[in-house]
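This is coords_22.cif (mmCIF, C-alpha atoms).
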data_data
loop_
_atom_site.label_atom_id
_atom_site.label_comp_id
_atom_site.auth_asym_id
_atom_site.auth_seq_id
_atom_site.Cartn_x
_atom_site.Cartn_y
_atom_site.Cartn_z
CA MET A 1 98.05 126.87 -84.98
CA ARG A 2 96.49 123.94 -86.83
CA ALA A 3 93.63 122.12 -85.14
CA ILE A 4 90.82 119.71 -85.91
CA VAL A 5 87.43 121.36 -85.46
CA CYS A 6 83.99 119.80 -85.05
CA ALA A 7 81.90 122.58 -86.61
CA GLU A 8 78.65 120.61 -86.31
CA TYR A 9 77.61 117.21 -85.03
CA GLY A 10 78.14 114.44 -87.51
CA PRO A 11 80.41 111.62 -88.72
CA PRO A 12 84.24 111.76 -88.55
CA GLY A 13 84.41 112.75 -92.20
CA GLY A 14 82.86 116.10 -91.31
CA LEU A 15 85.76 117.21 -89.14
CA GLN A 16 87.74 120.16 -90.45
CA LEU A 17 91.45 120.99 -90.31
CA ALA A 18 91.51 124.70 -89.47
CA GLY A 19 93.88 127.46 -88.47
CA LEU A 20 93.08 128.86 -85.02
CA PRO A 21 94.73 131.57 -82.91
CA ASP A 22 97.49 130.32 -80.65
CA PRO A 23 96.13 129.89 -77.10
CA VAL A 24 97.59 131.86 -74.19
CA CYS A 25 97.75 130.43 -70.69
CA GLY A 26 96.23 132.29 -67.77
CA PRO A 27 96.73 131.92 -64.02
CA GLY A 28 97.05 128.33 -62.92
CA GLN A 29 97.39 127.05 -66.48
CA VAL A 30 100.09 125.41 -68.59
CA LEU A 31 100.58 125.90 -72.34
CA VAL A 32 101.65 122.64 -74.00
CA ALA A 33 103.00 122.00 -77.49
CA VAL A 34 101.17 118.81 -78.47
CA HIS A 35 103.42 116.20 -80.09
CA ALA A 36 100.88 113.37 -80.03
CA ALA A 37 97.19 112.95 -79.21
CA GLY A 38 95.34 109.75 -78.38
CA VAL A 39 92.12 108.74 -80.15
CA ASN A 40 89.40 107.17 -78.00
CA PHE A 41 86.05 105.61 -78.82
CA VAL A 42 84.33 108.45 -76.97
CA ASP A 43 85.64 110.90 -79.61
CA SER A 44 83.25 109.38 -82.17
CA LEU A 45 80.35 109.88 -79.75
CA LEU A 46 81.29 113.46 -78.86
CA ILE A 47 81.51 114.65 -82.47
CA ALA A 48 78.20 112.94 -83.28
CA GLY A 49 76.44 114.53 -80.30
CA ARG A 50 75.65 111.06 -78.94
CA TYR A 51 77.64 111.17 -75.70
CA GLN A 52 75.95 111.74 -72.33
CA ILE A 53 77.85 115.04 -72.15
CA ARG A 54 77.03 117.21 -75.16
CA ILE A 55 79.61 119.84 -76.09
CA PRO A 56 78.11 122.55 -78.31
CA PRO A 57 79.99 122.98 -81.64
CA PRO A 58 82.33 124.35 -82.66
CA PHE A 59 84.95 122.65 -80.53
CA VAL A 60 88.30 120.91 -80.86
CA PRO A 61 87.94 117.22 -79.91
CA GLY A 62 90.67 114.99 -78.52
CA GLY A 63 90.80 113.67 -74.96
CA ASP A 64 94.47 112.74 -74.41
CA CYS A 65 97.78 114.36 -75.32
CA ALA A 66 101.51 114.37 -74.70
CA GLY A 67 103.97 117.14 -75.43
CA THR A 68 106.30 119.75 -73.99
CA VAL A 69 105.62 122.74 -71.79
CA LEU A 70 105.83 126.05 -73.68
CA ALA A 71 104.73 128.51 -70.98
CA LEU A 72 103.46 128.66 -67.42
CA GLY A 73 100.67 130.83 -66.12
CA GLU A 74 100.84 132.89 -62.97
CA GLY A 75 101.05 130.82 -59.81
CA VAL A 76 102.07 127.56 -61.49
CA THR A 77 104.87 125.72 -59.74
CA GLY A 78 106.41 122.29 -60.16
CA PHE A 79 106.89 122.58 -63.94
CA ALA A 80 109.43 124.21 -66.20
CA VAL A 81 109.46 125.18 -69.87
CA GLY A 82 110.56 122.13 -71.85
CA ASP A 83 109.18 119.53 -69.46
CA ARG A 84 107.77 116.41 -71.15
CA VAL A 85 104.17 116.06 -69.98
CA LEU A 86 100.90 114.25 -70.61
CA ALA A 87 97.28 115.00 -69.77
CA SER A 88 93.69 113.90 -70.33
CA PRO A 89 91.81 117.15 -70.95
CA GLY A 90 88.69 115.49 -72.39
CA ILE A 91 88.63 117.82 -75.42
CA GLY A 92 91.11 120.10 -77.18
CA ALA A 93 93.95 117.65 -77.81
CA PHE A 94 93.68 117.45 -81.62
CA ALA A 95 95.66 120.66 -82.04
CA GLU A 96 99.26 121.83 -82.16
CA ARG A 97 98.88 123.63 -78.83
CA VAL A 98 96.57 123.33 -75.86
CA VAL A 99 96.12 125.22 -72.60
CA LEU A 100 95.50 123.01 -69.58
CA PRO A 101 94.91 123.49 -65.87
CA ALA A 102 98.19 122.71 -64.14
CA THR A 103 96.36 120.20 -61.95
CA GLN A 104 95.64 118.05 -65.03
CA VAL A 105 99.23 117.90 -66.24
CA ARG A 106 101.64 115.14 -65.24
CA ARG A 107 105.29 114.55 -66.07
CA MET A 108 105.99 111.64 -68.37
CA PRO A 109 108.31 108.81 -67.30
CA ALA A 110 111.72 109.14 -68.91
CA ASN A 111 111.26 105.84 -70.79
CA MET A 112 107.93 106.87 -72.36
CA SER A 113 107.67 108.27 -75.88
CA PHE A 114 105.21 111.03 -76.75
CA ALA A 115 103.16 108.60 -78.86
CA ALA A 116 102.95 106.14 -75.97
CA GLY A 117 102.16 108.93 -73.51
CA ALA A 118 99.30 110.21 -75.63
CA VAL A 119 97.47 106.88 -75.42
CA PHE A 120 98.40 105.93 -71.86
CA LEU A 121 96.37 107.76 -69.24
CA GLN A 122 92.72 107.04 -69.96
CA PRO A 123 92.98 103.30 -70.68
CA SER A 124 95.57 102.56 -68.00
CA ALA A 125 93.82 104.55 -65.28
CA THR A 126 90.45 103.08 -66.29
CA ALA A 127 91.80 99.53 -66.18
CA TYR A 128 93.52 99.99 -62.82
CA TYR A 129 90.51 101.74 -61.27
CA ALA A 130 88.18 99.05 -62.62
CA LEU A 131 90.18 96.02 -61.56
CA HIS A 132 91.58 97.30 -58.26
CA GLU A 133 89.00 99.73 -56.90
CA ARG A 134 85.74 98.46 -58.39
CA GLY A 135 86.45 94.79 -59.07
CA ALA A 136 88.76 93.95 -56.12
CA LEU A 137 90.68 91.52 -58.34
CA ARG A 138 92.73 89.01 -56.37
CA ALA A 139 95.69 86.82 -57.30
CA GLY A 140 94.61 83.48 -58.67
CA GLU A 141 91.23 84.67 -59.95
CA THR A 142 90.17 84.32 -63.58
CA LEU A 143 89.65 87.59 -65.45
CA LEU A 144 87.76 87.77 -68.75
CA VAL A 145 88.66 90.78 -70.90
CA LEU A 146 86.26 91.52 -73.74
CA GLY A 147 87.51 93.72 -76.56
CA ALA A 148 90.96 92.62 -75.50
CA ALA A 149 92.83 94.29 -78.36
CA GLY A 150 91.30 97.73 -77.76
CA GLY A 151 92.86 100.44 -75.62
CA THR A 152 91.26 99.67 -72.28
CA GLY A 153 91.22 95.95 -73.01
CA ALA A 154 94.97 95.87 -73.66
CA ALA A 155 95.57 97.80 -70.45
CA ALA A 156 93.30 95.45 -68.51
CA ILE A 157 95.32 92.43 -69.66
CA GLN A 158 98.53 93.93 -68.30
CA VAL A 159 97.03 95.22 -65.06
CA GLY A 160 95.27 91.91 -64.50
CA LYS A 161 98.48 89.95 -64.98
CA GLY A 162 100.18 92.33 -62.57
CA PHE A 163 97.60 91.39 -59.93
CA GLY A 164 98.35 87.71 -60.50
CA ALA A 165 95.15 86.84 -62.34
CA ARG A 166 94.65 84.23 -65.05
CA VAL A 167 93.58 86.36 -68.03
CA ILE A 168 91.22 85.18 -70.76
CA ALA A 169 91.37 87.59 -73.70
CA ALA A 170 88.40 87.67 -76.07
CA ALA A 171 88.51 89.58 -79.37
CA SER A 172 87.06 89.43 -82.86
CA SER A 173 89.99 88.29 -85.01
CA PRO A 174 93.23 86.29 -84.93
CA GLU A 175 95.23 89.48 -85.49
CA LYS A 176 93.69 91.13 -82.44
CA LEU A 177 94.23 88.01 -80.35
CA ALA A 178 97.89 87.94 -81.37
CA ALA A 179 98.22 91.45 -79.93
CA ALA A 180 96.50 90.31 -76.73
CA SER A 181 98.82 87.32 -76.48
CA ALA A 182 101.87 89.56 -76.79
CA LEU A 183 100.60 91.52 -73.79
CA GLY A 184 100.47 88.39 -71.63
CA ALA A 185 96.98 86.88 -71.99
CA ASP A 186 96.85 83.24 -70.89
CA VAL A 187 93.83 82.08 -72.94
CA LEU A 188 92.58 83.45 -76.27
CA ILE A 189 88.98 83.34 -77.54
CA ASP A 190 88.00 84.51 -81.02
CA TYR A 191 84.34 85.46 -80.57
CA GLY A 192 84.13 86.13 -84.29
CA ARG A 193 84.46 82.37 -84.81
CA GLU A 194 83.63 80.75 -81.46
CA GLU A 195 80.52 80.85 -79.32
CA LEU A 196 81.65 82.84 -76.30
CA ARG A 197 79.82 80.97 -73.58
CA ALA A 198 80.92 77.54 -74.82
CA ALA A 199 84.51 78.69 -75.13
CA LEU A 200 84.48 80.11 -71.60
CA LYS A 201 83.00 76.92 -70.20
CA LEU A 202 85.85 74.98 -71.79
CA ALA A 203 88.51 77.47 -70.66
CA THR A 204 87.35 77.41 -67.02
CA GLY A 205 86.45 73.73 -66.73
CA GLY A 206 82.80 74.72 -66.27
CA ARG A 207 83.51 76.85 -63.19
CA GLY A 208 83.09 80.27 -64.82
CA VAL A 209 85.06 83.50 -64.53
CA ASP A 210 85.57 85.61 -61.42
CA LEU A 211 85.71 89.02 -63.07
CA VAL A 212 84.45 90.34 -66.41
CA PHE A 213 85.97 93.51 -67.90
CA ASP A 214 83.49 94.66 -70.55
CA PRO A 215 84.13 97.77 -72.64
CA VAL A 216 82.11 96.33 -75.55
CA GLY A 217 78.52 95.68 -74.44
CA GLY A 218 76.08 94.57 -77.12
CA ALA A 219 75.50 90.89 -77.82
CA LEU A 220 78.51 89.77 -75.79
CA ALA A 221 77.13 90.97 -72.46
CA GLU A 222 74.60 88.25 -71.72
CA PRO A 223 76.80 85.23 -72.55
CA ALA A 224 79.62 86.77 -70.52
CA LEU A 225 77.28 87.33 -67.57
CA ARG A 226 75.96 83.77 -67.87
CA SER A 227 79.59 82.61 -67.69
CA CYS A 228 80.21 84.18 -64.29
CA ALA A 229 81.19 82.04 -61.31
CA GLU A 230 79.62 82.45 -57.88
CA ASN A 231 80.57 85.82 -56.31
CA ALA A 232 81.87 87.11 -59.65
CA ARG A 233 81.94 90.79 -60.51
CA TYR A 234 80.83 92.04 -63.94
CA LEU A 235 82.46 95.41 -64.69
CA VAL A 236 80.56 97.67 -67.09
CA ILE A 237 83.21 99.85 -68.76
CA GLY A 238 81.52 101.05 -71.95
CA PHE A 239 79.71 100.15 -75.14
CA ALA A 240 82.17 100.08 -78.03
CA SER A 241 79.77 97.86 -79.96
CA GLY A 242 77.38 100.80 -80.13
CA GLU A 243 74.65 98.85 -78.34
CA ILE A 244 73.75 99.19 -74.66
CA PRO A 245 72.70 95.67 -73.61
CA ARG A 246 69.59 94.79 -71.66
CA VAL A 247 70.34 91.75 -69.53
CA PRO A 248 67.86 89.69 -67.49
CA LEU A 249 68.23 90.72 -63.86
CA ASN A 250 67.53 87.20 -62.69
CA LEU A 251 71.07 86.31 -63.84
CA PRO A 252 72.96 88.12 -61.06
CA LEU A 253 70.45 86.63 -58.62
CA LEU A 254 70.97 83.07 -59.85
CA LYS A 255 74.73 83.51 -60.18
CA SER A 256 75.14 85.34 -56.85
CA CYS A 257 77.28 87.85 -58.75
CA GLN A 258 77.46 91.62 -58.99
CA ILE A 259 77.11 94.06 -61.89
CA VAL A 260 79.42 97.00 -61.17
CA GLY A 261 79.57 100.29 -63.04
CA VAL A 262 82.97 101.82 -63.77
CA ASP A 263 83.08 105.57 -64.51
CA TRP A 264 86.72 106.62 -64.25
CA GLY A 265 86.03 110.08 -65.68
CA GLY A 266 83.26 110.79 -63.20
CA HIS A 267 85.27 109.39 -60.30
CA SER A 268 88.32 111.49 -61.12
CA ALA A 269 86.18 114.63 -61.35
CA ARG A 270 84.48 113.95 -58.01
CA HIS A 271 87.60 112.75 -56.19
CA PRO A 272 90.60 114.53 -57.75
CA GLN A 273 93.08 113.71 -54.98
CA GLU A 274 92.28 110.01 -55.15
CA ALA A 275 92.52 110.16 -58.93
CA ARG A 276 95.96 111.79 -58.79
CA ARG A 277 97.22 109.03 -56.51
CA LEU A 278 95.91 106.38 -58.88
CA VAL A 279 97.52 108.11 -61.89
CA ASP A 280 100.80 108.24 -59.96
CA THR A 281 100.50 104.50 -59.45
CA VAL A 282 100.04 103.62 -63.12
CA LEU A 283 102.82 106.02 -64.18
CA THR A 284 105.13 104.30 -61.70
CA LEU A 285 104.16 100.90 -63.08
CA TYR A 286 105.12 102.10 -66.55
CA ALA A 287 108.39 103.62 -65.37
CA GLU A 288 109.27 100.29 -63.72
CA GLY A 289 108.59 98.41 -66.97
CA ARG A 290 105.53 96.61 -65.61
CA LEU A 291 103.23 98.12 -68.25
CA GLN A 292 104.30 97.98 -71.87
CA ASP A 293 103.24 99.91 -74.93
CA PRO A 294 100.37 98.41 -76.94
CA PRO A 295 100.58 98.27 -80.75
CA LEU A 296 100.11 101.76 -82.16
CA ALA A 297 98.22 102.78 -85.29
CA ARG A 298 99.71 106.14 -86.28
CA TYR A 299 97.97 108.94 -88.19
CA ARG A 300 98.79 112.54 -89.11
CA LEU A 301 96.70 115.45 -87.82
CA GLU A 302 94.94 115.84 -91.17
CA GLU A 303 93.95 112.15 -90.96
CA THR A 304 92.17 112.51 -87.61
CA GLY A 305 88.72 111.87 -89.09
CA GLN A 306 89.91 108.62 -90.66
CA ALA A 307 91.55 107.59 -87.39
CA ILE A 308 88.32 108.11 -85.44
CA ALA A 309 86.36 106.20 -88.09
CA ASP A 310 88.81 103.28 -88.06
CA LEU A 311 88.75 103.06 -84.27
CA ALA A 312 84.94 103.26 -84.09
CA ALA A 313 84.70 100.49 -86.71
CA ARG A 314 87.10 98.37 -84.62
CA ARG A 315 89.59 98.06 -87.46
CA ILE A 316 92.53 98.75 -85.13
CA ALA A 317 94.37 96.35 -82.83
CA GLY A 318 95.92 98.33 -80.00
CA ARG A 319 95.76 102.09 -79.67
CA CYS A 320 95.33 104.90 -82.16
CA VAL A 321 97.55 107.99 -82.02
CA ILE A 322 97.66 111.28 -83.93
CA GLU A 323 101.27 112.40 -84.42
CA ILE A 324 101.73 116.15 -84.59
CA GLY A 325 105.13 117.37 -85.68
CA THR A 326 108.27 115.22 -85.73
CA ALA A 327 108.73 114.53 -82.01
CA ALA A 328 106.03 111.96 -81.33
CA GLY A 329 108.50 109.08 -81.03
#
Take the structure in the file and give it back as structure tokens.
Amino acid sequence: MRAIVCAEYGPPGGLQLAGLPDPVCGPGQVLVAVHAAGVNFVDSLLIAGRYQIRIPPPFVPGGDCAGTVLALGEGVTGFAVGDRVLASPGIGAFAERVVLPATQVRRMPANMSFAAGAVFLQPSATAYYALHERGALRAGETLLVLGAAGGTGAAAIQVGKGFGARVIAAASSPEKLAAASALGADVLIDYGREELRAALKLATGGRGVDLVFDPVGGALAEPALRSCAENARYLVIGFASGEIPRVPLNLPLLKSCQIVGVDWGGHSARHPQEARRLVDTVLTLYAEGRLQDPPLARYRLEETGQAIADLAARRIAGRCVIEIGTAAG
């Protein structure tokens, strides 16, 4: 099979398209023909050796995939050959085939394409876990979404609207804000042109925001925190800017607000049954038409390095997908 291999830590341009032996599933595993794989910001960190979890090279990166079941290992029930499935294995998805524990595999909704399925799980589950479980978002509250055109940001807009929140989408260009608007954002802020804190003061009538969804970090963190209302919650999702911010801790004291960490991957590993229930919830929301597909930037398998570079440089509005074969949809 063809696969993308990280032979040594480095930039996306160092990834190699290689031929590897076809994997064989063992007991409790499912062999999946990958039709599409999602690209995430964490992929750029993993291949550079800069993530908190270091995977020794060589390895096949790629954290999300969608495809069809080719074979079932001993003891696997609930699936059949040909089933349309998706999964978030963490690594291994940038390949034509992947073997997965059956517990990681979920059936796709009938109305979901392979391309949409490949970019769905991580951002949607992260957004729902962040806003519902960690942020306790309530109807009528004001939600600020930073990096609103990215994968998790786009998902947060939709989940937030589903909870009845007023959503302020902040992004770095008019094109990205147009994508956020199409997903239902109520207020748009271009922080490439506007000063974030001043724009938020105007958008909230000086009151501030109730919840901040921040997958960006960097220079945006402090003005967003300073824009919090009393009893607000500031959700730390990630650091797509590449910079982990250092904020003055007197701010949550003065604002009477909370800074809350959101680690969906760690939570799902520690609490797999709870995670499965949450994934069931977001898949149901999609099946019911309450979550829509974000804009998709599509690449071929041999273009995976370029896709990771484009996403890391924030040149993409929406999600980034690697299409493998002709069935990605």
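The space separating atom CA of A:Leu211 from atom CA of A:Ala155 comes to 15.1 Å.
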**OP:** Mind giving me the straight-line distance from atom CA of A:Ile168 to atom CA of A:Leu296 in Å, one decimal?
**Re:** 22.0 Å
Which protein, DNA or RNA residues are at most 9 Å from (96.2, 118.7, -63.8) in the file's coordinates when you count only C-alpha atoms, listed as a PDB file with C-alpha atoms, in the frame of the given file?
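After the write, out-v6.pdb holds the following:
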ATOM      1  CA  GLN A  29      97.390 127.050 -66.480  1.00  0.00           C
ATOM      2  CA  ALA A  87      97.280 115.000 -69.770  1.00  0.00           C
ATOM      3  CA  SER A  88      93.690 113.900 -70.330  1.00  0.00           C
ATOM      4  CA  PRO A  89      91.810 117.150 -70.950  1.00  0.00           C
ATOM      5  CA  LEU A 100      95.500 123.010 -69.580  1.00  0.00           C
ATOM      6  CA  PRO A 101      94.910 123.490 -65.870  1.00  0.00           C
ATOM      7  CA  ALA A 102      98.190 122.710 -64.140  1.00  0.00           C
ATOM      8  CA  THR A 103      96.360 120.200 -61.950  1.00  0.00           C
ATOM      9  CA  GLN A 104      95.640 118.050 -65.030  1.00  0.00           C
ATOM     10  CA  VAL A 105      99.230 117.900 -66.240  1.00  0.00           C
ATOM     11  CA  ARG A 106     101.640 115.140 -65.240  1.00  0.00           C
ATOM     12  CA  ARG A 276      95.960 111.790 -58.790  1.00  0.00           C
TER      13      ARG A 276
END
Original post:
Taking (91.8, 113.5, -74.5) in the file's coordinates as the center, which residues reach within 6 Å of it, counting only C-alpha atoms, put as a PyMOL selection string?
Top reply: chain A and resi 62-64+88-91+93
**OP:** Apply the PyMOL selection byres ((chain A and resi 181-189) around 6) to the file shown and report the selected residues as a ChimeraX atom specification.
**Re:** /A:167-170,178-180,190-191
Original post:
Quick one: residues within 8 Å of A:Tyr299, all atoms listed in the file counted, chain neighbours fewer than 2 positions away excluded, as a ChimeraX atom specification?
Top reply: /A:297,301,303-304,307,320-323
**OP:** Check which residues satisfy the PyMOL selection byres ((chain A and resi 15) around 10) in the file shown, then give them as a list of chain:residue names.
**Re:** A:Ile4, A:Val5, A:Cys6, A:Ala7, A:Glu8, A:Tyr9, A:Gly10, A:Pro11, A:Pro12, A:Gly13, A:Gly14, A:Gln16, A:Leu17, A:Ala18, A:Ile47, A:Val60, A:Pro61, A:Glu302, A:Glu303, A:Thr304, A:Gly305, A:Gln306
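Between A:Val98 and the candidates A:Gln258, A:Gln273, A:Gln158, A:Thr68, the tightest atom-to-atom separation, counting all atoms listed in the file, involves A:Thr68.
Going from atom CA of A:Arg319 over to atom CA of A:Ala118, you cover 9.7 Å.
Using all atoms listed in the file, the smallest distance between any of A:Ala95, A:Val236, A:Val282, A:Ala66 and A:Val159 comes from A:Val282.
Taken over the whole file, the PyMOL selection byres ((chain A and resi 248) around 12) covers exactly Ala221, Glu222, Pro223, Leu225, Arg226, Pro245, Arg246, Val247, Leu249, Asn250, Leu251, Pro252, Leu253, Leu254, Lys255 and Ile259 of chain A.
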For the residues selected in the previous step, produce a file with C-alpha atoms as a PDB file, keeping the file's coordinate frame.
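Result saved to result33.pdb:
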ATOM      1  CA  ALA A 221      77.130  90.970 -72.460  1.00  0.00           C
ATOM      2  CA  GLU A 222      74.600  88.250 -71.720  1.00  0.00           C
ATOM      3  CA  PRO A 223      76.800  85.230 -72.550  1.00  0.00           C
ATOM      4  CA  LEU A 225      77.280  87.330 -67.570  1.00  0.00           C
ATOM      5  CA  ARG A 226      75.960  83.770 -67.870  1.00  0.00           C
ATOM      6  CA  PRO A 245      72.700  95.670 -73.610  1.00  0.00           C
ATOM      7  CA  ARG A 246      69.590  94.790 -71.660  1.00  0.00           C
ATOM      8  CA  VAL A 247      70.340  91.750 -69.530  1.00  0.00           C
ATOM      9  CA  LEU A 249      68.230  90.720 -63.860  1.00  0.00           C
ATOM     10  CA  ASN A 250      67.530  87.200 -62.690  1.00  0.00           C
ATOM     11  CA  LEU A 251      71.070  86.310 -63.840  1.00  0.00           C
ATOM     12  CA  PRO A 252      72.960  88.120 -61.060  1.00  0.00           C
ATOM     13  CA  LEU A 253      70.450  86.630 -58.620  1.00  0.00           C
ATOM     14  CA  LEU A 254      70.970  83.070 -59.850  1.00  0.00           C
ATOM     15  CA  LYS A 255      74.730  83.510 -60.180  1.00  0.00           C
ATOM     16  CA  ILE A 259      77.110  94.060 -61.890  1.00  0.00           C
TER      17      ILE A 259
END
Using the atoms already present, construct N, CA and C atoms for stretch 59-87 of chain A and hand them back as a compact mmCIF listing (two decimals), in the frame of the given file.
# COMPACT_ATOMS: atom_id res chain seq x y z
N PHE A 59 83.96 122.96 -81.56
CA PHE A 59 84.95 122.65 -80.53
C PHE A 59 86.04 121.78 -81.14
N VAL A 60 87.17 121.75 -80.46
CA VAL A 60 88.30 120.91 -80.86
C VAL A 60 88.23 119.62 -80.04
N PRO A 61 87.99 118.47 -80.67
CA PRO A 61 87.94 117.22 -79.91
C PRO A 61 89.35 116.73 -79.56
N GLY A 62 89.39 115.59 -78.90
CA GLY A 62 90.67 114.99 -78.52
C GLY A 62 90.84 114.97 -77.02
N GLY A 63 90.82 113.76 -76.42
CA GLY A 63 90.80 113.67 -74.96
C GLY A 63 92.13 113.45 -74.30
N ASP A 64 93.18 113.06 -75.02
CA ASP A 64 94.47 112.74 -74.41
C ASP A 64 95.59 113.34 -75.25
N CYS A 65 96.66 113.79 -74.58
CA CYS A 65 97.78 114.36 -75.32
C CYS A 65 99.08 114.22 -74.54
N ALA A 66 100.17 114.33 -75.29
CA ALA A 66 101.51 114.37 -74.70
C ALA A 66 102.33 115.39 -75.47
N GLY A 67 103.17 116.11 -74.77
CA GLY A 67 103.97 117.14 -75.43
C GLY A 67 104.94 117.79 -74.47
N THR A 68 105.33 119.01 -74.81
CA THR A 68 106.30 119.75 -73.99
C THR A 68 105.71 121.07 -73.53
N VAL A 69 106.11 121.49 -72.36
CA VAL A 69 105.62 122.74 -71.79
C VAL A 69 106.24 123.93 -72.53
N LEU A 70 105.38 124.83 -73.00
CA LEU A 70 105.83 126.05 -73.68
C LEU A 70 105.83 127.27 -72.76
N ALA A 71 104.85 127.34 -71.85
CA ALA A 71 104.73 128.51 -70.98
C ALA A 71 103.93 128.12 -69.75
N LEU A 72 104.16 128.88 -68.67
CA LEU A 72 103.46 128.66 -67.42
C LEU A 72 102.70 129.91 -67.02
N GLY A 73 101.46 129.71 -66.59
CA GLY A 73 100.67 130.83 -66.12
C GLY A 73 101.06 131.24 -64.71
N GLU A 74 100.54 132.37 -64.30
CA GLU A 74 100.84 132.89 -62.97
C GLU A 74 100.44 131.89 -61.90
N GLY A 75 101.33 131.69 -60.95
CA GLY A 75 101.05 130.82 -59.81
C GLY A 75 101.35 129.35 -60.03
N VAL A 76 101.77 128.97 -61.23
CA VAL A 76 102.07 127.56 -61.49
C VAL A 76 103.47 127.22 -61.01
N THR A 77 103.58 126.20 -60.21
CA THR A 77 104.87 125.72 -59.74
C THR A 77 104.99 124.22 -60.04
N GLY A 78 106.19 123.72 -59.96
CA GLY A 78 106.41 122.29 -60.16
C GLY A 78 106.67 121.89 -61.59
N PHE A 79 106.58 122.85 -62.54
CA PHE A 79 106.89 122.58 -63.94
C PHE A 79 107.85 123.63 -64.45
N ALA A 80 108.54 123.28 -65.54
CA ALA A 80 109.43 124.21 -66.20
C ALA A 80 109.23 124.11 -67.70
N VAL A 81 109.54 125.20 -68.41
CA VAL A 81 109.46 125.18 -69.87
C VAL A 81 110.36 124.05 -70.39
N GLY A 82 109.82 123.25 -71.29
CA GLY A 82 110.56 122.13 -71.85
C GLY A 82 110.25 120.79 -71.21
N ASP A 83 109.55 120.80 -70.09
CA ASP A 83 109.18 119.53 -69.46
C ASP A 83 108.33 118.67 -70.40
N ARG A 84 108.57 117.37 -70.39
CA ARG A 84 107.77 116.41 -71.15
C ARG A 84 106.58 116.01 -70.28
N VAL A 85 105.37 116.25 -70.80
CA VAL A 85 104.17 116.06 -69.98
C VAL A 85 103.08 115.34 -70.75
N LEU A 86 102.11 114.83 -70.00
CA LEU A 86 100.90 114.25 -70.61
C LEU A 86 99.68 114.70 -69.81
N ALA A 87 98.52 114.56 -70.42
CA ALA A 87 97.28 115.00 -69.77
C ALA A 87 96.10 114.36 -70.47
